[in-house]
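Peer 1: My file is structure06.txt. It has compact mmCIF, C-alpha atoms:
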# COMPACT_ATOMS: atom_id res chain seq x y z
CA GLN A 1 0.00 0.00 0.00
CA LYS A 2 1.28 3.44 -0.91
CA GLU A 3 1.73 5.82 2.00
CA VAL A 4 -0.60 8.40 0.48
CA GLU A 5 -2.87 7.27 -2.30
CA GLN A 6 -5.10 9.19 -4.68
CA ASN A 7 -7.12 8.34 -7.77
CA SER A 8 -5.00 9.59 -10.62
CA GLY A 9 -7.99 10.58 -12.74
CA PRO A 10 -8.41 12.47 -14.87
CA LEU A 11 -11.60 13.71 -13.25
CA SER A 12 -13.82 15.73 -15.54
CA VAL A 13 -16.71 17.83 -14.26
CA PRO A 14 -18.88 20.50 -15.91
CA GLU A 15 -18.57 24.11 -14.85
CA GLY A 16 -20.66 24.83 -11.78
CA ALA A 17 -20.64 21.23 -10.53
CA ILE A 18 -19.04 19.86 -7.36
CA ALA A 19 -15.67 18.17 -7.81
CA SER A 20 -14.78 15.52 -5.24
CA LEU A 21 -11.17 14.50 -4.74
CA ASN A 22 -10.21 11.63 -2.46
CA CYS A 23 -7.10 10.52 -0.61
CA THR A 24 -6.22 7.67 1.75
CA TYR A 25 -3.14 7.40 3.95
CA SER A 26 -1.41 4.55 5.72
CA ASP A 27 0.22 6.20 8.75
CA ARG A 28 -2.31 6.24 11.59
CA GLY A 29 -0.02 8.64 13.42
CA SER A 30 -0.43 11.38 10.82
CA GLN A 31 -1.91 14.45 12.45
CA SER A 32 -2.15 16.96 9.65
CA PHE A 33 -3.14 16.80 6.03
CA PHE A 34 -2.59 19.18 3.19
CA TRP A 35 -4.14 19.75 -0.21
CA TYR A 36 -2.00 21.37 -2.88
CA ARG A 37 -2.94 22.55 -6.33
CA GLN A 38 -0.44 22.38 -9.18
CA TYR A 39 -1.01 24.03 -12.52
CA SER A 40 0.85 22.61 -15.49
CA GLY A 41 4.45 23.77 -15.47
CA LYS A 42 4.14 25.40 -12.05
CA SER A 43 5.06 24.42 -8.52
CA PRO A 44 2.54 23.05 -6.00
CA GLU A 45 0.74 25.63 -3.90
CA LEU A 46 -1.14 25.00 -0.68
CA ILE A 47 -4.89 25.50 -0.81
CA MET A 48 -6.17 23.76 2.32
CA PHE A 49 -4.95 22.04 5.47
CA ILE A 50 -6.91 20.09 8.07
CA TYR A 51 -5.96 18.67 11.47
CA SER A 52 -9.23 17.61 13.08
CA ASN A 53 -11.88 15.09 12.16
CA GLY A 54 -14.81 16.60 10.32
CA ASP A 55 -15.13 19.36 7.77
CA LYS A 56 -13.20 22.54 7.20
CA GLU A 57 -14.54 25.11 4.77
CA ASP A 58 -12.71 27.91 3.00
CA GLY A 59 -14.70 29.65 0.30
CA ARG A 60 -15.59 27.15 -2.39
CA PHE A 61 -13.28 24.51 -0.89
CA THR A 62 -14.17 22.01 1.84
CA ALA A 63 -11.70 19.53 3.28
CA GLN A 64 -13.06 16.48 5.08
CA LEU A 65 -11.05 14.24 7.41
CA ASN A 66 -11.96 10.85 8.85
CA LYS A 67 -9.04 9.54 10.90
CA ALA A 68 -10.77 6.26 11.74
CA SER A 69 -11.04 5.45 8.05
CA GLN A 70 -7.71 7.14 7.23
CA TYR A 71 -9.44 9.15 4.57
CA VAL A 72 -9.28 12.79 3.57
CA SER A 73 -11.15 14.50 0.77
CA LEU A 74 -11.45 17.85 -0.95
CA LEU A 75 -14.70 19.18 -2.35
CA ILE A 76 -14.73 22.07 -4.78
CA ARG A 77 -18.13 23.69 -5.14
CA ASP A 78 -19.20 25.70 -8.17
CA SER A 79 -16.21 24.41 -10.12
CA GLN A 80 -14.63 26.87 -12.54
CA PRO A 81 -12.41 26.23 -15.57
CA SER A 82 -9.63 27.96 -13.60
CA ASP A 83 -9.81 25.07 -11.10
CA SER A 84 -8.45 22.73 -13.78
CA ALA A 85 -5.17 21.49 -12.33
CA THR A 86 -3.61 18.55 -10.54
CA TYR A 87 -4.53 18.27 -6.87
CA LEU A 88 -2.03 16.69 -4.51
CA CYS A 89 -2.75 15.28 -1.07
CA ALA A 90 0.10 15.27 1.48
CA ALA A 91 0.67 13.97 5.01
CA PRO A 92 3.72 13.99 7.29
CA ARG A 93 5.07 10.67 8.57
CA GLN A 94 5.10 11.00 12.34
CA ASN A 95 7.38 8.03 12.91
CA GLN A 96 9.89 9.32 10.38
CA GLY A 97 10.57 12.77 11.72
CA GLY A 98 7.64 14.40 9.97
CA LYS A 99 8.78 13.95 6.39
CA LEU A 100 6.07 15.15 4.05
CA ILE A 101 4.77 12.50 1.65
CA PHE A 102 2.61 13.30 -1.37
CA GLY A 103 0.10 11.23 -3.26
CA GLN A 104 0.45 10.91 -6.99
CA GLY A 105 -2.13 13.61 -7.61
CA THR A 106 -5.55 13.76 -9.26
CA GLU A 107 -5.91 15.68 -12.50
CA LEU A 108 -9.10 17.73 -12.56
CA SER A 109 -10.61 19.15 -15.72
CA VAL A 110 -13.55 21.58 -15.48
CA LYS A 111 -15.37 21.89 -18.78
CA PRO A 112 -17.11 25.20 -19.63
CA ASP B 1 9.97 37.31 2.06
CA ALA B 2 10.80 36.19 -1.48
CA GLY B 3 9.79 32.60 -0.80
CA VAL B 4 11.88 29.54 -1.56
CA ILE B 5 14.44 30.37 -4.21
CA GLN B 6 15.90 27.73 -6.49
CA SER B 7 18.58 27.99 -9.12
CA PRO B 8 19.00 27.41 -11.93
CA ARG B 9 15.44 27.33 -13.32
CA HIS B 10 16.54 25.22 -16.26
CA GLU B 11 19.58 23.04 -16.75
CA VAL B 12 20.58 21.08 -19.80
CA THR B 13 23.66 18.92 -19.46
CA GLU B 14 25.35 16.01 -21.12
CA MET B 15 25.33 12.55 -19.67
CA GLY B 16 28.23 12.04 -17.29
CA GLN B 17 28.48 15.66 -16.23
CA GLU B 18 28.05 16.87 -12.66
CA VAL B 19 24.92 18.86 -11.90
CA THR B 20 24.39 21.03 -8.81
CA LEU B 21 20.99 22.39 -7.89
CA ARG B 22 20.68 25.12 -5.30
CA CYS B 23 18.01 26.16 -2.84
CA LYS B 24 17.50 29.03 -0.40
CA PRO B 25 14.65 28.25 2.01
CA ILE B 26 12.31 30.79 3.58
CA SER B 27 14.03 32.58 6.45
CA GLY B 28 13.08 31.06 9.78
CA HIS B 29 12.01 27.73 8.35
CA ASN B 30 13.83 24.80 9.91
CA SER B 31 12.74 21.96 7.61
CA LEU B 32 13.85 21.55 4.03
CA PHE B 33 12.76 18.98 1.46
CA TRP B 34 14.10 18.01 -1.96
CA TYR B 35 11.55 16.41 -4.31
CA ARG B 36 11.76 15.07 -7.84
CA GLN B 37 8.72 15.11 -10.10
CA THR B 38 8.17 13.06 -13.25
CA MET B 39 5.05 12.07 -15.13
CA MET B 40 5.61 8.42 -14.34
CA ARG B 41 6.44 8.63 -10.64
CA GLY B 42 4.81 11.83 -9.50
CA LEU B 43 6.33 13.88 -6.67
CA GLU B 44 8.96 11.81 -4.87
CA LEU B 45 10.70 12.90 -1.69
CA LEU B 46 14.46 12.53 -2.08
CA ILE B 47 15.78 13.87 1.21
CA TYR B 48 14.54 15.78 4.23
CA PHE B 49 16.58 18.06 6.51
CA ASN B 50 15.58 19.39 9.93
CA ASN B 51 17.74 22.10 11.51
CA ASN B 52 20.34 21.51 8.77
CA VAL B 53 20.66 17.81 9.63
CA PRO B 54 19.60 15.13 7.14
CA ILE B 55 16.76 13.21 8.80
CA ASP B 56 15.75 10.85 6.03
CA ASP B 57 17.57 10.24 2.75
CA SER B 58 15.84 6.96 1.92
CA GLY B 59 14.42 8.50 -1.23
CA MET B 60 17.79 9.28 -2.76
CA PRO B 61 17.83 6.93 -5.75
CA GLU B 62 21.49 5.96 -5.68
CA ASP B 63 24.97 7.04 -4.68
CA ARG B 64 25.18 9.40 -7.63
CA PHE B 65 22.88 11.72 -5.69
CA SER B 66 24.05 13.71 -2.68
CA ALA B 67 22.63 16.65 -0.74
CA LYS B 68 24.06 19.08 1.76
CA MET B 69 22.76 21.83 3.96
CA PRO B 70 25.79 23.71 5.32
CA ASN B 71 23.64 26.37 7.01
CA ALA B 72 20.03 27.35 7.56
CA SER B 73 19.84 29.43 4.41
CA PHE B 74 21.34 27.18 1.75
CA SER B 75 21.13 23.64 0.42
CA THR B 76 22.47 21.83 -2.62
CA LEU B 77 21.50 18.68 -4.46
CA LYS B 78 24.28 17.20 -6.56
CA ILE B 79 24.14 14.50 -9.21
CA GLN B 80 27.46 13.05 -10.31
CA PRO B 81 27.59 11.58 -12.89
CA SER B 82 24.25 12.54 -14.41
CA GLU B 83 22.24 10.17 -16.59
CA PRO B 84 19.32 10.73 -18.99
CA ARG B 85 16.92 9.05 -16.54
CA ASP B 86 17.65 11.84 -14.06
CA SER B 87 15.73 14.24 -16.30
CA ALA B 88 12.90 15.65 -14.19
CA VAL B 89 11.75 18.74 -12.34
CA TYR B 90 13.47 19.06 -8.98
CA PHE B 91 11.66 21.02 -6.29
CA CYS B 92 12.95 22.36 -3.03
CA ALA B 93 10.44 23.13 -0.27
CA SER B 94 10.71 24.46 3.26
CA SER B 95 8.48 24.53 6.32
CA LEU B 96 8.44 25.70 9.92
CA GLY B 97 8.60 22.10 11.06
CA ARG B 98 6.63 18.98 11.71
CA ASN B 99 2.93 19.11 10.84
CA THR B 100 3.18 22.46 9.09
CA GLU B 101 2.72 23.17 5.42
CA ALA B 102 5.63 23.19 3.02
CA PHE B 103 6.24 26.05 0.60
CA PHE B 104 7.75 25.18 -2.75
CA GLY B 105 10.30 26.89 -4.90
CA GLN B 106 9.75 27.32 -8.63
CA GLY B 107 11.68 24.16 -9.41
CA THR B 108 14.64 23.31 -11.60
CA ARG B 109 13.87 21.55 -14.86
CA LEU B 110 16.81 19.24 -15.53
CA THR B 111 17.41 17.67 -18.91
CA VAL B 112 20.27 15.22 -19.34
CA VAL B 113 21.06 14.41 -22.94
Any chance you could put this one into structure tokens?

Peer 2:
Amino acid sequence: QKEVEQNSGPLSVPEGAIASLNCTYSDRGSQSFFWYRQYSGKSPELIMFIYSNGDKEDGRFTAQLNKASQYVSLLIRDSQPSDSATYLCAAPRQNQGGKLIFGQGTELSVKP
Amino acid sequence: DAGVIQSPRHEVTEMGQEVTLRCKPISGHNSLFWYRQTMMRGLELLIYFNNNVPIDDSGMPEDRFSAKMPNASFSTLKIQPSEPRDSAVYFCASSLGRNTEAFFGQGTRLTVV
């Protein structure tokens, strides 16, 4: 099992729809989780982080964490073509000094 | 703050040559990461420093790769000798420490011909 696993996609949604991105992790000790967005040819940029079970909302973005199921997700409401990018989930390994491990990313395409 | 600064942005070199990539982390950050990104393998962690000390280098692919962090404001990743399969984008990132977000530099696109 990969340490952080995502569906590679591509995920295609129409403009205005909700995009749902999923991530599972193997380290039960992980305490924080990060969602990054990466546009083609650019570096990853942080869009959301979550530490506690439940939902965290920031504008059109909602991160959801379920530590019992070792599952974290990102919902994007009212998707826009500008949201088209690769979304990367990341978690630090607590038993390895906190090294930050990324999933392989999910490519999202929002069609006008 | 200017963010994480990497140089060069692009590097084209011949197989067998030595390549040195450079990184200046955000001032005050005490964790530094080197990642390699390819289409096939995604974003792979190569090595992780905390307070200038290498904590985990298990991602370094082979002895041709080495990394140093002589002080809190500078790190290098060296490949000697380089091979075509080393072609990738290399990112440096820094963070305040465990459980905090990492900020990425613009990356170095390495092409070995």

Peer 1: Once you count all atoms listed in the file, which residues of chain B turn out to be within 12 Å of chain A? Could you give them as a ChimeraX atom specification?

Peer 2: /B:3-6,9,31-51,53-59,88-109

Peer 1: Please write the residues from the selection above to a file, keeping C-alpha atoms, as a PDB file, keeping the file's coordinate frame.

Peer 2:
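That gives us part.pdb:
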ATOM      1  CA  GLY B   3       9.790  32.600  -0.800  1.00  0.00           C
ATOM      2  CA  VAL B   4      11.880  29.540  -1.560  1.00  0.00           C
ATOM      3  CA  ILE B   5      14.440  30.370  -4.210  1.00  0.00           C
ATOM      4  CA  GLN B   6      15.900  27.730  -6.490  1.00  0.00           C
ATOM      5  CA  ARG B   9      15.440  27.330 -13.320  1.00  0.00           C
ATOM      6  CA  SER B  31      12.740  21.960   7.610  1.00  0.00           C
ATOM      7  CA  LEU B  32      13.850  21.550   4.030  1.00  0.00           C
ATOM      8  CA  PHE B  33      12.760  18.980   1.460  1.00  0.00           C
ATOM      9  CA  TRP B  34      14.100  18.010  -1.960  1.00  0.00           C
ATOM     10  CA  TYR B  35      11.550  16.410  -4.310  1.00  0.00           C
ATOM     11  CA  ARG B  36      11.760  15.070  -7.840  1.00  0.00           C
ATOM     12  CA  GLN B  37       8.720  15.110 -10.100  1.00  0.00           C
ATOM     13  CA  THR B  38       8.170  13.060 -13.250  1.00  0.00           C
ATOM     14  CA  MET B  39       5.050  12.070 -15.130  1.00  0.00           C
ATOM     15  CA  MET B  40       5.610   8.420 -14.340  1.00  0.00           C
ATOM     16  CA  ARG B  41       6.440   8.630 -10.640  1.00  0.00           C
ATOM     17  CA  GLY B  42       4.810  11.830  -9.500  1.00  0.00           C
ATOM     18  CA  LEU B  43       6.330  13.880  -6.670  1.00  0.00           C
ATOM     19  CA  GLU B  44       8.960  11.810  -4.870  1.00  0.00           C
ATOM     20  CA  LEU B  45      10.700  12.900  -1.690  1.00  0.00           C
ATOM     21  CA  LEU B  46      14.460  12.530  -2.080  1.00  0.00           C
ATOM     22  CA  ILE B  47      15.780  13.870   1.210  1.00  0.00           C
ATOM     23  CA  TYR B  48      14.540  15.780   4.230  1.00  0.00           C
ATOM     24  CA  PHE B  49      16.580  18.060   6.510  1.00  0.00           C
ATOM     25  CA  ASN B  50      15.580  19.390   9.930  1.00  0.00           C
ATOM     26  CA  ASN B  51      17.740  22.100  11.510  1.00  0.00           C
ATOM     27  CA  VAL B  53      20.660  17.810   9.630  1.00  0.00           C
ATOM     28  CA  PRO B  54      19.600  15.130   7.140  1.00  0.00           C
ATOM     29  CA  ILE B  55      16.760  13.210   8.800  1.00  0.00           C
ATOM     30  CA  ASP B  56      15.750  10.850   6.030  1.00  0.00           C
ATOM     31  CA  ASP B  57      17.570  10.240   2.750  1.00  0.00           C
ATOM     32  CA  SER B  58      15.840   6.960   1.920  1.00  0.00           C
ATOM     33  CA  GLY B  59      14.420   8.500  -1.230  1.00  0.00           C
ATOM     34  CA  ALA B  88      12.900  15.650 -14.190  1.00  0.00           C
ATOM     35  CA  VAL B  89      11.750  18.740 -12.340  1.00  0.00           C
ATOM     36  CA  TYR B  90      13.470  19.060  -8.980  1.00  0.00           C
ATOM     37  CA  PHE B  91      11.660  21.020  -6.290  1.00  0.00           C
ATOM     38  CA  CYS B  92      12.950  22.360  -3.030  1.00  0.00           C
ATOM     39  CA  ALA B  93      10.440  23.130  -0.270  1.00  0.00           C
ATOM     40  CA  SER B  94      10.710  24.460   3.260  1.00  0.00           C
ATOM     41  CA  SER B  95       8.480  24.530   6.320  1.00  0.00           C
ATOM     42  CA  LEU B  96       8.440  25.700   9.920  1.00  0.00           C
ATOM     43  CA  GLY B  97       8.600  22.100  11.060  1.00  0.00           C
ATOM     44  CA  ARG B  98       6.630  18.980  11.710  1.00  0.00           C
ATOM     45  CA  ASN B  99       2.930  19.110  10.840  1.00  0.00           C
ATOM     46  CA  THR B 100       3.180  22.460   9.090  1.00  0.00           C
ATOM     47  CA  GLU B 101       2.720  23.170   5.420  1.00  0.00           C
ATOM     48  CA  ALA B 102       5.630  23.190   3.020  1.00  0.00           C
ATOM     49  CA  PHE B 103       6.240  26.050   0.600  1.00  0.00           C
ATOM     50  CA  PHE B 104       7.750  25.180  -2.750  1.00  0.00           C
ATOM     51  CA  GLY B 105      10.300  26.890  -4.900  1.00  0.00           C
ATOM     52  CA  GLN B 106       9.750  27.320  -8.630  1.00  0.00           C
ATOM     53  CA  GLY B 107      11.680  24.160  -9.410  1.00  0.00           C
ATOM     54  CA  THR B 108      14.640  23.310 -11.600  1.00  0.00           C
ATOM     55  CA  ARG B 109      13.870  21.550 -14.860  1.00  0.00           C
TER      56      ARG B 109
END

Peer 1: Which residue is closest to Thr106 (chain A)? Choose from A:Ala17, A:Ile47, A:Ala68, A:Cys89 and count all atoms listed in the file.

Peer 2: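 Of A:Ala17, A:Ile47, A:Ala68, A:Cys89, the one nearest Thr106 (chain A) is A:Cys89, counting all atoms listed in the file.
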
Peer 1: For the atom pair CA of Ser82 (chain A) and CA of Arg60 (chain A), what is the interatomic distance in Å to one decimal place?

Peer 2: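 Computing the Euclidean distance for CA of Ser82 (chain A) and CA of Arg60 (chain A) yields 12.7 Å.
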
Peer 1: Using only C-alpha atoms, collect all residues at a distance of at most 9 Å from (14.9, 30.8, 9.3) as written in the file, then present them as a PyMOL selection string.

Peer 2: chain B and resi 25-30+72-73+96

Peer 1: Those same residues - C-alpha atoms - I'd like them written as a JSON list (two decimals), keeping the file's coordinate frame.

Peer 2:
[["chain", "number", "residue", "atom", "x", "y", "z"],
["B", 25, "PRO", "CA", 14.65, 28.25, 2.01],
["B", 26, "ILE", "CA", 12.31, 30.79, 3.58],
["B", 27, "SER", "CA", 14.03, 32.58, 6.45],
["B", 28, "GLY", "CA", 13.08, 31.06, 9.78],
["B", 29, "HIS", "CA", 12.01, 27.73, 8.35],
["B", 30, "ASN", "CA", 13.83, 24.80, 9.91],
["B", 72, "ALA", "CA", 20.03, 27.35, 7.56],
["B", 73, "SER", "CA", 19.84, 29.43, 4.41],
["B", 96, "LEU", "CA", 8.44, 25.70, 9.92]]

Peer 1: Quick check, in Å to one decimal: how far apart do CA of Gln70 (chain A) and CA of Gly16 (chain A) lie?

Peer 2: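 Calculated distance between CA of Gln70 (chain A) and CA of Gly16 (chain A) is 29.0 Å.
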
Peer 1: Is it possible to add all heavy atoms to region 35-46 of chain A and hand it back as an mmCIF file, in the coordinates of the input?

Peer 2:
data_model
loop_
_atom_site.group_PDB
_atom_site.id
_atom_site.type_symbol
_atom_site.label_atom_id
_atom_site.label_comp_id
_atom_site.auth_asym_id
_atom_site.auth_seq_id
_atom_site.Cartn_x
_atom_site.Cartn_y
_atom_site.Cartn_z
ATOM 1 N N TRP A 35 -3.764 19.826 1.203
ATOM 2 C CA TRP A 35 -4.140 19.750 -0.210
ATOM 3 C C TRP A 35 -3.401 20.859 -0.960
ATOM 4 O O TRP A 35 -3.471 22.029 -0.579
ATOM 5 C CB TRP A 35 -5.645 19.911 -0.402
ATOM 6 C CG TRP A 35 -6.423 18.673 -0.094
ATOM 7 C CD1 TRP A 35 -7.114 18.394 1.038
ATOM 8 C CD2 TRP A 35 -6.593 17.543 -0.947
ATOM 9 N NE1 TRP A 35 -7.693 17.156 0.955
ATOM 10 C CE2 TRP A 35 -7.402 16.612 -0.262
ATOM 11 C CE3 TRP A 35 -6.135 17.204 -2.230
ATOM 12 C CZ2 TRP A 35 -7.769 15.378 -0.797
ATOM 13 C CZ3 TRP A 35 -6.497 15.985 -2.769
ATOM 14 C CH2 TRP A 35 -7.302 15.081 -2.075
ATOM 15 N N TYR A 36 -2.710 20.436 -2.021
ATOM 16 C CA TYR A 36 -2.000 21.370 -2.880
ATOM 17 C C TYR A 36 -2.616 21.335 -4.270
ATOM 18 O O TYR A 36 -3.117 20.301 -4.729
ATOM 19 C CB TYR A 36 -0.514 20.969 -2.992
ATOM 20 C CG TYR A 36 0.324 21.265 -1.774
ATOM 21 C CD1 TYR A 36 0.269 20.455 -0.640
ATOM 22 C CD2 TYR A 36 1.186 22.367 -1.758
ATOM 23 C CE1 TYR A 36 1.044 20.726 0.475
ATOM 24 C CE2 TYR A 36 1.966 22.645 -0.645
ATOM 25 C CZ TYR A 36 1.892 21.820 0.461
ATOM 26 O OH TYR A 36 2.665 22.094 1.559
ATOM 27 N N ARG A 37 -2.518 22.455 -4.943
ATOM 28 C CA ARG A 37 -2.940 22.550 -6.330
ATOM 29 C C ARG A 37 -1.700 22.837 -7.166
ATOM 30 O O ARG A 37 -0.862 23.669 -6.800
ATOM 31 C CB ARG A 37 -3.958 23.681 -6.502
ATOM 32 C CG ARG A 37 -4.418 23.927 -7.931
ATOM 33 C CD ARG A 37 -5.473 25.036 -7.946
ATOM 34 N NE ARG A 37 -4.955 26.283 -7.422
ATOM 35 C CZ ARG A 37 -5.724 27.279 -6.963
ATOM 36 N NH1 ARG A 37 -7.041 27.148 -6.949
ATOM 37 N NH2 ARG A 37 -5.171 28.384 -6.533
ATOM 38 N N GLN A 38 -1.586 22.159 -8.300
ATOM 39 C CA GLN A 38 -0.440 22.380 -9.180
ATOM 40 C C GLN A 38 -0.939 22.568 -10.605
ATOM 41 O O GLN A 38 -1.492 21.647 -11.213
ATOM 42 C CB GLN A 38 0.542 21.202 -9.113
ATOM 43 C CG GLN A 38 1.817 21.451 -9.910
ATOM 44 C CD GLN A 38 2.832 20.323 -9.765
ATOM 45 O OE1 GLN A 38 2.487 19.181 -9.474
ATOM 46 N NE2 GLN A 38 4.102 20.649 -9.976
ATOM 47 N N TYR A 39 -0.724 23.763 -11.115
ATOM 48 C CA TYR A 39 -1.010 24.030 -12.520
ATOM 49 C C TYR A 39 0.146 23.496 -13.360
ATOM 50 O O TYR A 39 1.282 23.408 -12.882
ATOM 51 C CB TYR A 39 -1.204 25.524 -12.767
ATOM 52 C CG TYR A 39 -2.459 26.102 -12.146
ATOM 53 C CD1 TYR A 39 -2.394 27.021 -11.107
ATOM 54 C CD2 TYR A 39 -3.711 25.724 -12.606
ATOM 55 C CE1 TYR A 39 -3.542 27.551 -10.537
ATOM 56 C CE2 TYR A 39 -4.871 26.247 -12.046
ATOM 57 C CZ TYR A 39 -4.774 27.157 -11.011
ATOM 58 O OH TYR A 39 -5.919 27.683 -10.447
ATOM 59 N N SER A 40 -0.164 23.173 -14.597
ATOM 60 C CA SER A 40 0.850 22.610 -15.490
ATOM 61 C C SER A 40 2.048 23.537 -15.615
ATOM 62 O O SER A 40 1.899 24.731 -15.888
ATOM 63 C CB SER A 40 0.237 22.366 -16.872
ATOM 64 O OG SER A 40 1.181 21.819 -17.751
ATOM 65 N N GLY A 41 3.222 22.999 -15.358
ATOM 66 C CA GLY A 41 4.450 23.770 -15.470
ATOM 67 C C GLY A 41 4.762 24.664 -14.287
ATOM 68 O O GLY A 41 5.741 25.407 -14.319
ATOM 69 N N LYS A 42 3.943 24.566 -13.246
ATOM 70 C CA LYS A 42 4.140 25.400 -12.050
ATOM 71 C C LYS A 42 4.447 24.528 -10.850
ATOM 72 O O LYS A 42 4.387 23.309 -10.909
ATOM 73 C CB LYS A 42 2.889 26.235 -11.786
ATOM 74 C CG LYS A 42 2.490 27.150 -12.930
ATOM 75 C CD LYS A 42 3.539 28.208 -13.181
ATOM 76 C CE LYS A 42 3.073 29.194 -14.243
ATOM 77 N NZ LYS A 42 4.122 30.222 -14.517
ATOM 78 N N SER A 43 4.780 25.161 -9.742
ATOM 79 C CA SER A 43 5.060 24.420 -8.520
ATOM 80 C C SER A 43 3.777 24.239 -7.716
ATOM 81 O O SER A 43 2.816 25.000 -7.878
ATOM 82 C CB SER A 43 6.128 25.147 -7.697
ATOM 83 O OG SER A 43 5.727 26.463 -7.421
ATOM 84 N N PRO A 44 3.725 23.248 -6.844
ATOM 85 C CA PRO A 44 2.540 23.050 -6.000
ATOM 86 C C PRO A 44 2.329 24.217 -5.052
ATOM 87 O O PRO A 44 3.285 24.774 -4.508
ATOM 88 C CB PRO A 44 2.883 21.760 -5.225
ATOM 89 C CG PRO A 44 3.939 21.080 -6.030
ATOM 90 C CD PRO A 44 4.730 22.179 -6.641
ATOM 91 N N GLU A 45 1.085 24.579 -4.841
ATOM 92 C CA GLU A 45 0.740 25.630 -3.900
ATOM 93 C C GLU A 45 -0.336 25.119 -2.961
ATOM 94 O O GLU A 45 -1.271 24.430 -3.362
ATOM 95 C CB GLU A 45 0.262 26.891 -4.637
ATOM 96 C CG GLU A 45 -0.936 26.675 -5.528
ATOM 97 C CD GLU A 45 -1.464 27.951 -6.152
ATOM 98 O OE1 GLU A 45 -1.208 29.049 -5.599
ATOM 99 O OE2 GLU A 45 -2.130 27.851 -7.201
ATOM 100 N N LEU A 46 -0.203 25.473 -1.693
ATOM 101 C CA LEU A 46 -1.140 25.000 -0.680
ATOM 102 C C LEU A 46 -2.486 25.694 -0.827
ATOM 103 O O LEU A 46 -2.552 26.908 -0.995
ATOM 104 C CB LEU A 46 -0.590 25.298 0.718
ATOM 105 C CG LEU A 46 -1.463 24.828 1.883
ATOM 106 C CD1 LEU A 46 -1.355 23.326 2.038
ATOM 107 C CD2 LEU A 46 -1.060 25.538 3.168
#
